[in-house]
Amino acid sequence: MPPTMNPDAPLNGITVLDLSNTLMGPFCSLQLAHAGADVIKVEEPAGDITRTIGQGRHPGMGPIFLNANHGKRSIAIDLKQDAGQAALLALVRRCDVLIHNFRPAAVTKLGLDYPRLRAVNERLISCSVIGFGSTGPYRDKAAYDDVIQAISGVAAAQGGADGPPRYVHATIADKVVGLLAFGAITTALLHRERTGTGQAIEVPMFEAMAGFTALELQGGHIFDPPTGPSGYARLSTPYRRPYRTTDGYLGVVVYTDRQWLAFFDLIGEPELSQDPRFATIAARTRHIDQLYQLVERALASDTSAHWLARLDELGIPAVAVQRVDDLLSDPHLDAVDFFQRVRHPTEGALRIARSAIRFGVSPPPDLPGAPRLSEHAYQVLTESGFTDDQIRQLAESGTIRLPDEEVHE
């Protein structure tokens, strides 16, 4: 049976086949699982590459895999074999959504083109999360998060106005595009509910991240011809950074006119409110380097606790800088039960982040831990109409993989 679901979960009753690997597609299908969908993770015989990344307790169960794939079922199928493609089509026949991250040439080779899938299931929503849109000249280029950060303007933006390009120290493109795909799939499900019609969806990383970057950084280049340079001065100044205090670092954003007046009073320089460089948001933007250097000098004079108390009194956003490790003991996250303590059947005690989304009348499902490689092969195939003999033949031919320790009568 599928993982135990809350019948009131928004996507209860929706079955998803996730053929993607690494992070982008799995992050998308994780959101679908959190919303109540039954997600079947279709892996290569060797398994998702993230199974081997990081220090785990057992082979094939690395920390990234555990985080990105809880709440899913796993079956390993060799899609390079005709029998593997036939087995997949049997699963497609009863599913609602299929997700993959294959480039266009591989889609045809593996028999995953939408006309073939639709012939099996006309209500199917097939979502392709790929590097570059299939109608452009980059369509067959390989893409990973770093490549997309580089080509989409994200890396250059991290370097600021004059610095060298830098990557964000997180797979931001994978996760942003995964979230866009989640939104696209749920939108397509709504459309199918209204019309009865499935459809193919394409969510390319390059186009998605180009729009993501341009939103606030396109500047004067939104006009044709441009009225000024691209960029947003507040974001590109090298002085936009966590500020050092005498005993730590703070993230502080003084933004509105009211906040700046209060801040100038707080640091004992009320006359700055009359300084033409700082009197309006337009002027402050033009002189952002000097303004942020002023903030940096002021905060360096006292402790983090001192500044947090005073800034909070004034309604100026300020927080202590935290490491990832610190999140596990953050009092707010603890109060909302964000990192849930779970017991994995093979990996023991884990702390897993829950979805940040809360539906008022739809409690989230109680998701099981991430699956062992092909842990649910027999279960999934049986639900799709395969007999014991057929499953045994597929396993013996190497078309599917069964867990080493799994034995069936």
# chains A, B, ... in the order shown; residues from 1 in each chain; ligands from 1
>>> select_by_dssp(residues="region 46-241 of chain A", states="alpha helix (DSSP H)", output="JSON, numbers by chain")
{"A": [63, 64, 65, 66, 67, 68, 69, 82, 83, 84, 85, 86, 87, 88, 89, 90, 91, 92, 104, 105, 106, 107, 108, 109, 114, 115, 116, 117, 118, 119, 120, 145, 146, 147, 148, 149, 150, 151, 154, 155, 156, 157, 158, 172, 173, 174, 175, 176, 177, 178, 179, 180, 181, 182, 183, 184, 185, 186, 187, 188, 189, 190, 191, 192, 193, 194, 195, 205, 206, 207, 208, 209, 210, 211, 212, 213, 214, 215, 216, 217, 233, 234, 235, 236]}
>>> select_by_dssp(residues="region 211-339 of chain A", states="strand (DSSP E or B)", output="number ranges by chain")
A: 243-244, 249-252, 318-320, 339
>>> write_last_selection(atoms="N, CA, C and O atoms", output="mmCIF file, in the first residue's frame")
data_model
loop_
_atom_site.group_PDB
_atom_site.id
_atom_site.type_symbol
_atom_site.label_atom_id
_atom_site.label_comp_id
_atom_site.auth_asym_id
_atom_site.auth_seq_id
_atom_site.Cartn_x
_atom_site.Cartn_y
_atom_site.Cartn_z
ATOM 1 N N TYR A 243 26.907 42.398 9.658
ATOM 2 C CA TYR A 243 27.745 43.382 10.333
ATOM 3 C C TYR A 243 28.347 42.797 11.603
ATOM 4 O O TYR A 243 27.654 42.158 12.403
ATOM 5 N N ARG A 244 29.628 43.056 11.795
ATOM 6 C CA ARG A 244 30.321 42.541 12.971
ATOM 7 C C ARG A 244 30.029 43.424 14.174
ATOM 8 O O ARG A 244 30.051 44.653 14.086
ATOM 9 N N TYR A 249 27.996 38.497 14.767
ATOM 10 C CA TYR A 249 27.543 39.143 13.531
ATOM 11 C C TYR A 249 26.024 39.270 13.554
ATOM 12 O O TYR A 249 25.322 38.390 14.061
ATOM 13 N N LEU A 250 25.542 40.364 12.969
ATOM 14 C CA LEU A 250 24.103 40.589 12.870
ATOM 15 C C LEU A 250 23.696 40.820 11.420
ATOM 16 O O LEU A 250 24.444 41.407 10.632
ATOM 17 N N GLY A 251 22.485 40.367 11.091
ATOM 18 C CA GLY A 251 21.858 40.748 9.838
ATOM 19 C C GLY A 251 20.874 41.863 10.138
ATOM 20 O O GLY A 251 19.918 41.653 10.887
ATOM 21 N N VAL A 252 21.120 43.046 9.605
ATOM 22 C CA VAL A 252 20.306 44.228 9.908
ATOM 23 C C VAL A 252 19.910 44.901 8.593
ATOM 24 O O VAL A 252 20.761 45.097 7.715
ATOM 25 N N ALA A 318 16.348 42.975 12.679
ATOM 26 C CA ALA A 318 17.717 42.608 13.066
ATOM 27 C C ALA A 318 17.704 41.214 13.677
ATOM 28 O O ALA A 318 16.836 40.903 14.499
ATOM 29 N N VAL A 319 18.637 40.389 13.256
ATOM 30 C CA VAL A 319 18.756 39.031 13.788
ATOM 31 C C VAL A 319 20.228 38.671 13.909
ATOM 32 O O VAL A 319 21.088 39.256 13.244
ATOM 33 N N ALA A 320 20.515 37.698 14.762
ATOM 34 C CA ALA A 320 21.863 37.160 14.846
ATOM 35 C C ALA A 320 22.103 36.238 13.653
ATOM 36 O O ALA A 320 21.205 35.529 13.206
ATOM 37 N N PHE A 339 11.810 21.030 12.727
ATOM 38 C CA PHE A 339 12.647 19.845 12.545
ATOM 39 C C PHE A 339 12.021 18.708 13.346
ATOM 40 O O PHE A 339 12.129 18.656 14.569
#
>>> closest_residue(among="A:Ser374, A:Thr15, A:Ser362, A:Thr195", to="Val92 (chain A)", atoms="only C-alpha atoms")
A:Thr15
>>> residues_around(residues="Pro238 (chain A)", least_positions_apart="5", cutoff="10 Å", atoms="only C-alpha atoms", output="list in words")
Gln158, Gly159, Gly160, Ala161, Asp162, Gly163, Ala233, Ile288, Asp289, Tyr292 and Gln293 of chain A
>>> atom_distance(atom1="CA of Ala105 (chain A)", atom2="CA of Arg139 (chain A)")
9.2 Å
>>> residues_around(residues="region 169-180 of chain A", least_positions_apart="6", cutoff="9 Å", atoms="only C-alpha atoms", output="list in words")
Leu23, Met24, Gly25, Pro26, Phe27, Cys28, Ser29, Gln31, Val129, Tyr144, Asp145, Asp146, Ile148, Gln149, Val203, Pro204, Met205, Phe206, Ala208, Met209 and Phe212 of chain A
>>> residues_around(residues="Asp48 (chain A)", least_positions_apart="2", cutoff="6 Å", atoms="only C-alpha atoms", output="ChimeraX atom specification")
/A:21,50-51
>>> residues_around(residues="Ala150 (chain A)", least_positions_apart="3", cutoff="10 Å", atoms="only C-alpha atoms", output="number ranges by chain")
A: 145-147, 153-157, 165-167, 206
>>> closest_residue(among="A:Thr303, A:Asp38, A:Leu79, A:Leu30", to="Asn12 (chain A)", atoms="only C-alpha atoms")
A:Asp38
>>> closest_residue(among="A:Ala76, A:Val42, A:Val16, A:Ala210", to="Leu124 (chain A)", atoms="only C-alpha atoms")
A:Val16
>>> atom_distance(atom1="CA of Ala46 (chain A)", atom2="CA of Ser20 (chain A)")
13.6 Å
>>> atom_distance(atom1="CA of Ala335 (chain A)", atom2="CA of His34 (chain A)")
19.9 Å
>>> residues_around(residues="Ile400 (chain A)", least_positions_apart="4", cutoff="6 Å", atoms="only C-alpha atoms", output="MDAnalysis selection string")
chainID A and resid 76:77 394:395
>>> write_last_selection(atoms="C-alpha atoms", output="mmCIF file, in the first residue's frame")
data_model
loop_
_atom_site.group_PDB
_atom_site.id
_atom_site.type_symbol
_atom_site.label_atom_id
_atom_site.label_comp_id
_atom_site.auth_asym_id
_atom_site.auth_seq_id
_atom_site.Cartn_x
_atom_site.Cartn_y
_atom_site.Cartn_z
ATOM 1 C CA ALA A 76 14.667 0.690 -9.763
ATOM 2 C CA ILE A 77 13.989 0.111 -13.486
ATOM 3 C CA LEU A 394 11.807 -8.819 -14.779
ATOM 4 C CA ALA A 395 14.188 -9.162 -11.841
#
>>> closest_residue(among="A:Arg310, A:Tyr239, A:Gln274, A:Asn69", to="Gln290 (chain A)", atoms="only C-alpha atoms")
A:Tyr239
>>> closest_residue(among="A:Pro364, A:Gly111, A:Ile99, A:Arg351", to="Ala87 (chain A)", atoms="only C-alpha atoms")
A:Gly111
